[in-house]
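J.: Below you'll find protein-v8.csv; it's CSV, C-alpha atoms.
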chain,number,residue,atom,x,y,z
A,69,MET,CA,82.5,29.8,-34.3
A,70,ILE,CA,78.9,29.0,-33.5
A,71,LYS,CA,77.8,32.4,-34.9
A,72,LYS,CA,79.6,31.6,-38.2
A,73,ILE,CA,77.9,28.2,-38.5
A,74,LEU,CA,74.5,29.7,-37.8
A,75,LEU,CA,75.1,32.5,-40.2
A,76,PHE,CA,76.2,30.0,-42.9
A,77,LEU,CA,73.0,27.9,-42.3
A,78,LEU,CA,70.9,31.1,-42.5
A,79,VAL,CA,72.5,32.0,-45.8
A,80,VAL,CA,72.0,28.5,-47.2
A,81,LEU,CA,68.3,28.6,-46.2
A,82,LEU,CA,67.9,32.0,-47.8
A,83,VAL,CA,69.6,30.8,-51.0
A,84,LEU,CA,67.3,27.7,-51.1
A,85,GLN,CA,64.3,30.0,-51.2
A,86,ALA,CA,65.3,30.9,-54.8
A,87,PHE,CA,64.8,27.2,-55.9
A,88,ARG,CA,61.1,26.5,-55.7
A,89,PRO,CA,59.3,23.6,-57.3
A,90,LYS,CA,56.6,24.4,-59.9
A,91,LYS,CA,53.2,24.0,-58.3
A,92,ASP,CA,51.4,21.4,-60.4
A,93,ASN,CA,47.8,22.6,-60.4
A,94,THR,CA,46.4,22.2,-63.9
A,95,GLY,CA,42.9,23.1,-62.6
A,96,PRO,CA,39.9,22.8,-65.0
A,97,THR,CA,41.8,21.2,-67.9
A,98,GLY,CA,41.2,17.8,-66.3
A,99,LEU,CA,37.5,18.1,-65.9
A,100,ALA,CA,36.6,15.9,-68.9
A,101,ALA,CA,38.5,12.9,-67.3
A,102,ASN,CA,37.2,13.6,-63.7
A,103,ILE,CA,35.9,10.5,-61.9
A,104,ASN,CA,32.4,12.1,-61.7
A,105,ASN,CA,32.0,11.7,-65.4
A,106,PHE,CA,32.6,7.9,-65.3
A,107,VAL,CA,31.1,6.6,-62.1
A,108,ASN,CA,28.3,7.8,-59.9
A,109,VAL,CA,29.8,9.8,-57.0
A,110,PRO,CA,27.0,10.9,-54.6
A,111,SER,CA,27.4,14.5,-53.4
A,112,ASP,CA,28.3,13.5,-49.8
A,113,VAL,CA,31.0,11.2,-51.0
A,114,ASP,CA,32.2,13.8,-53.5
A,115,GLN,CA,32.6,16.3,-50.7
A,116,LEU,CA,34.5,13.8,-48.6
A,117,LEU,CA,36.9,13.1,-51.5
A,118,LYS,CA,37.4,16.8,-52.1
A,119,THR,CA,38.1,17.4,-48.4
A,120,SER,CA,40.2,14.4,-47.6
A,121,CYS,CA,41.8,13.3,-50.9
A,122,TYR,CA,41.9,16.0,-53.6
A,123,ASP,CA,44.9,18.0,-52.3
A,124,CYS,CA,47.1,15.0,-53.2
A,125,HIS,CA,45.0,13.1,-55.7
A,126,SER,CA,43.6,15.7,-58.1
A,127,ASN,CA,44.7,18.6,-60.2
A,128,LYS,CA,43.2,21.0,-57.7
A,129,THR,CA,45.8,21.0,-55.0
A,130,THR,CA,45.4,23.8,-52.4
A,131,TYR,CA,49.0,24.6,-51.4
A,132,PRO,CA,49.4,25.9,-47.9
A,133,TRP,CA,51.5,29.0,-47.1
A,134,TYR,CA,54.4,26.9,-45.8
A,135,SER,CA,54.8,25.3,-49.2
A,136,ASN,CA,56.6,28.5,-50.1
A,137,ILE,CA,59.4,27.7,-47.6
A,138,GLN,CA,62.2,25.4,-48.8
A,139,PRO,CA,62.9,22.6,-48.2
A,140,ILE,CA,59.3,22.0,-47.0
A,141,GLY,CA,58.1,23.0,-50.4
A,142,TRP,CA,60.2,20.3,-52.1
A,143,TRP,CA,58.9,17.6,-49.7
A,144,LEU,CA,55.3,18.7,-50.3
A,145,ASP,CA,55.9,18.8,-54.1
A,146,ASP,CA,57.2,15.2,-54.0
A,147,HIS,CA,54.3,14.1,-51.9
A,148,VAL,CA,51.7,15.7,-54.2
A,149,ASN,CA,53.3,14.3,-57.3
A,150,GLU,CA,53.5,10.8,-55.8
A,151,GLY,CA,49.9,11.0,-54.8
A,152,LYS,CA,48.8,12.1,-58.3
A,153,LYS,CA,50.9,9.3,-59.8
A,154,GLU,CA,49.1,6.7,-57.7
A,155,LEU,CA,45.6,8.1,-58.2
A,156,ASN,CA,44.4,11.3,-59.8
A,157,PHE,CA,40.6,11.7,-59.6
A,158,ASP,CA,40.8,14.3,-62.4
A,159,ASP,CA,42.6,11.8,-64.6
A,160,TYR,CA,40.4,8.7,-63.7
A,161,GLY,CA,38.7,8.7,-67.2
A,162,ASN,CA,42.1,8.2,-68.9
A,163,TYR,CA,42.8,5.0,-67.0
A,164,ASN,CA,42.2,1.6,-68.6
A,165,LEU,CA,39.3,-0.5,-67.2
A,166,ARG,CA,41.5,-2.7,-65.0
A,167,ARG,CA,43.2,0.3,-63.5
A,168,LYS,CA,39.9,2.1,-62.9
A,169,TYR,CA,38.6,-1.0,-61.0
A,170,HIS,CA,41.9,-1.5,-59.1
A,171,LYS,CA,42.0,2.2,-58.0
A,172,ILE,CA,38.5,2.0,-56.6
A,173,GLU,CA,39.5,-1.2,-54.9
A,174,GLU,CA,42.5,0.6,-53.4
A,175,VAL,CA,40.5,3.5,-52.2
A,176,ALA,CA,38.3,1.1,-50.2
A,177,GLU,CA,41.4,-0.7,-48.8
A,178,MET,CA,43.3,2.4,-47.9
A,179,VAL,CA,40.4,4.0,-46.2
A,180,GLU,CA,39.4,0.8,-44.4
A,181,GLU,CA,42.9,0.3,-43.1
A,182,GLY,CA,43.2,3.9,-42.0
A,183,GLU,CA,46.2,4.5,-44.4
A,184,MET,CA,44.4,7.3,-46.2
A,185,PRO,CA,44.3,10.1,-45.7
A,186,LEU,CA,47.8,10.1,-44.4
A,187,PRO,CA,48.2,10.9,-40.7
A,188,SER,CA,50.9,13.4,-41.6
A,189,TYR,CA,48.3,15.2,-43.7
A,190,THR,CA,45.5,15.1,-41.1
A,191,ILE,CA,47.7,16.6,-38.4
A,192,VAL,CA,47.6,19.9,-40.2
A,193,HIS,CA,44.3,19.4,-42.1
A,194,THR,CA,42.1,18.2,-39.3
A,195,ALA,CA,38.9,18.4,-41.4
A,196,ALA,CA,40.4,15.7,-43.7
A,197,LYS,CA,40.4,13.1,-41.0
A,198,LEU,CA,37.7,10.5,-41.6
A,199,ASP,CA,35.5,9.3,-38.8
A,200,GLU,CA,34.0,5.8,-38.8
A,201,GLU,CA,30.7,6.9,-40.5
A,202,GLN,CA,32.6,8.7,-43.2
A,203,LYS,CA,34.8,5.7,-43.8
A,204,LYS,CA,31.7,3.4,-44.1
A,205,LEU,CA,30.2,5.9,-46.6
A,206,ILE,CA,33.3,5.8,-48.8
A,207,ILE,CA,33.7,2.0,-48.5
A,208,GLY,CA,30.0,1.6,-49.4
A,209,TRP,CA,30.4,3.8,-52.4
A,210,THR,CA,33.5,1.9,-53.6
A,211,THR,CA,31.6,-1.4,-53.2
A,212,ASN,CA,28.7,-0.1,-55.3
A,213,VAL,CA,31.1,1.2,-58.0
A,214,MET,CA,32.9,-2.2,-58.1
A,215,ASN,CA,29.6,-4.1,-58.2
A,216,ASP,CA,28.4,-1.8,-61.0
A,217,MET,CA,31.6,-2.4,-63.0
A,218,LYS,CA,31.4,-6.2,-62.4
A,219,SER,CA,27.8,-6.1,-63.8
A,220,LYS,CA,28.8,-4.2,-66.9
A,221,TYR,CA,32.2,-5.8,-67.8
A,222,PRO,CA,33.6,-9.3,-68.0
A,223,MET,CA,35.5,-10.2,-64.8
A,224,ASP,CA,38.7,-11.0,-66.6
A,225,SER,CA,38.8,-7.4,-68.0
A,226,LEU,CA,38.5,-6.1,-64.4
A,227,ILE,CA,40.7,-8.3,-62.2
A,228,LEU,CA,43.6,-9.4,-64.3
A,229,LYS,CA,46.8,-7.5,-63.4
A,230,LYS,CA,48.4,-5.2,-65.9
Could you take the file, read its structure, and then write that structure out as structure tokens?
T.:
Amino acid sequence: MIKKILLFLLVVLLVLQAFRPKKDNTGPTGLAANINNFVNVPSDVDQLLKTSCYDCHSNKTTYPWYSNIQPIGWWLDDHVNEGKKELNFDDYGNYNLRRKYHKIEEVAEMVEEGEMPLPSYTIVHTAAKLDEEQKKLIIGWTTNVMNDMKSKYPMDSLILKK
């Protein structure tokens, strides 16, 4: 009986492999709206964002080998799509002014509180884990971006909620 159950589970897992999510990786098509075209992103911060954030928050996701194994691939697909929905650095230029400001504000908050990058991500992607100096660098950058936006735009256009 146990052999039949294990065989059944194996067959189900094999059948699941035929149903793969489409990997959303639009690549260079999003370059015109990339954050680098709208705010000053120093090269050291840019590298940190690429290492620690871009897999889930850009159109340049690097999918690991295990993303081809279902149901892990579905979970990763959902995670990446949710991350892009929250903030997509390649889509930043398409956000309205309030959302741009709020997303920069959220980057600072999430990094400062240790919520990003997600611990579940940094377990496998150890290079993405931010040390205290790297966190300070990103938070300092976000502060500069927000101050720059405040100096250029009226406060009510930046802080009012949608």
J.: Can you measure atom CA of Gly141 of chain A to atom CA of Lys71 of chain A for me? One decimal in Å is fine.
T.: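 Atom-to-atom, atom CA of Gly141 of chain A and atom CA of Lys71 of chain A are spaced 26.8 Å apart.
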J.: Do a neighbour search on Ser111 of chain A at 12 Å with all atoms listed in the file, toss out local chain neighbours closer than 4 positions, and write the hits as a PyMOL selection string.
T.: chain A and resi 104+115-118+205-206+209
J.: For C-alpha atoms, I'd like the residues from the last selection saved as a short mmCIF file (atom, residue, chain, number, x, y, z; two decimals), keeping the file's coordinate frame.
T.:
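Here's the written file out.cif:
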data_model
loop_
_atom_site.label_atom_id
_atom_site.label_comp_id
_atom_site.auth_asym_id
_atom_site.auth_seq_id
_atom_site.Cartn_x
_atom_site.Cartn_y
_atom_site.Cartn_z
CA ASN A 104 32.40 12.10 -61.70
CA GLN A 115 32.60 16.30 -50.70
CA LEU A 116 34.50 13.80 -48.60
CA LEU A 117 36.90 13.10 -51.50
CA LYS A 118 37.40 16.80 -52.10
CA LEU A 205 30.20 5.90 -46.60
CA ILE A 206 33.30 5.80 -48.80
CA TRP A 209 30.40 3.80 -52.40
#
J.: Taking into account all atoms listed in the file, which residue in the set A:Lys197, A:Phe157, A:Tyr169, A:Cys124 is nearest to Gly182 of chain A?
T.: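 Using all atoms listed in the file, Gly182 of chain A sits closest to A:Lys197.
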J.: Taking only C-alpha atoms into account, which of A:Asn212, A:Tyr131, A:Ser126, A:Ile137 comes nearest Glu154 of chain A?
T.: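 Using only C-alpha atoms, the shortest distance to Glu154 of chain A belongs to A:Ser126.
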J.: Compare A:Thr210, A:Asp159, A:Thr129, A:Glu183 by their minimum atom-to-atom distance to Asp145 of chain A, counting all atoms listed in the file, and give me the closest one.
T.: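 For Asp145 of chain A, the nearest of the candidates is A:Thr129.
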J.: Give me, please, the distance in Å between atom CA of Thr119 of chain A and atom CA of His193 of chain A, quoted to one decimal.
T.: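 Between these atoms lies a distance of 9.1 Å.
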J.: One decimal, in Å: what's the spacing between atom CA of Phe106 of chain A and atom CA of Gly161 of chain A?
T.: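 Taking atom CA of Phe106 of chain A and atom CA of Gly161 of chain A, their separation equals 6.4 Å.
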J.: Taking all atoms listed in the file into account, name the residue in A:His125, A:His170, A:Lys153, A:Lys204 that is nearest to Met217 of chain A.
T.: A:His170
J.: Please check which residues have atoms at most 12 Å from (45.1, 21.7, -42.3) in the file's coordinates, counting only C-alpha atoms, and write them as a PyMOL selection string.
T.: chain A and resi 119-120+123+130-134+187-197
J.: Using all atoms listed in the file, which of the listed residues (A:Val175, A:Gln85, A:Lys220, A:Met69) sits closest to Ile140 of chain A?
T.: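 For Ile140 of chain A, the nearest of the given residues is A:Gln85.
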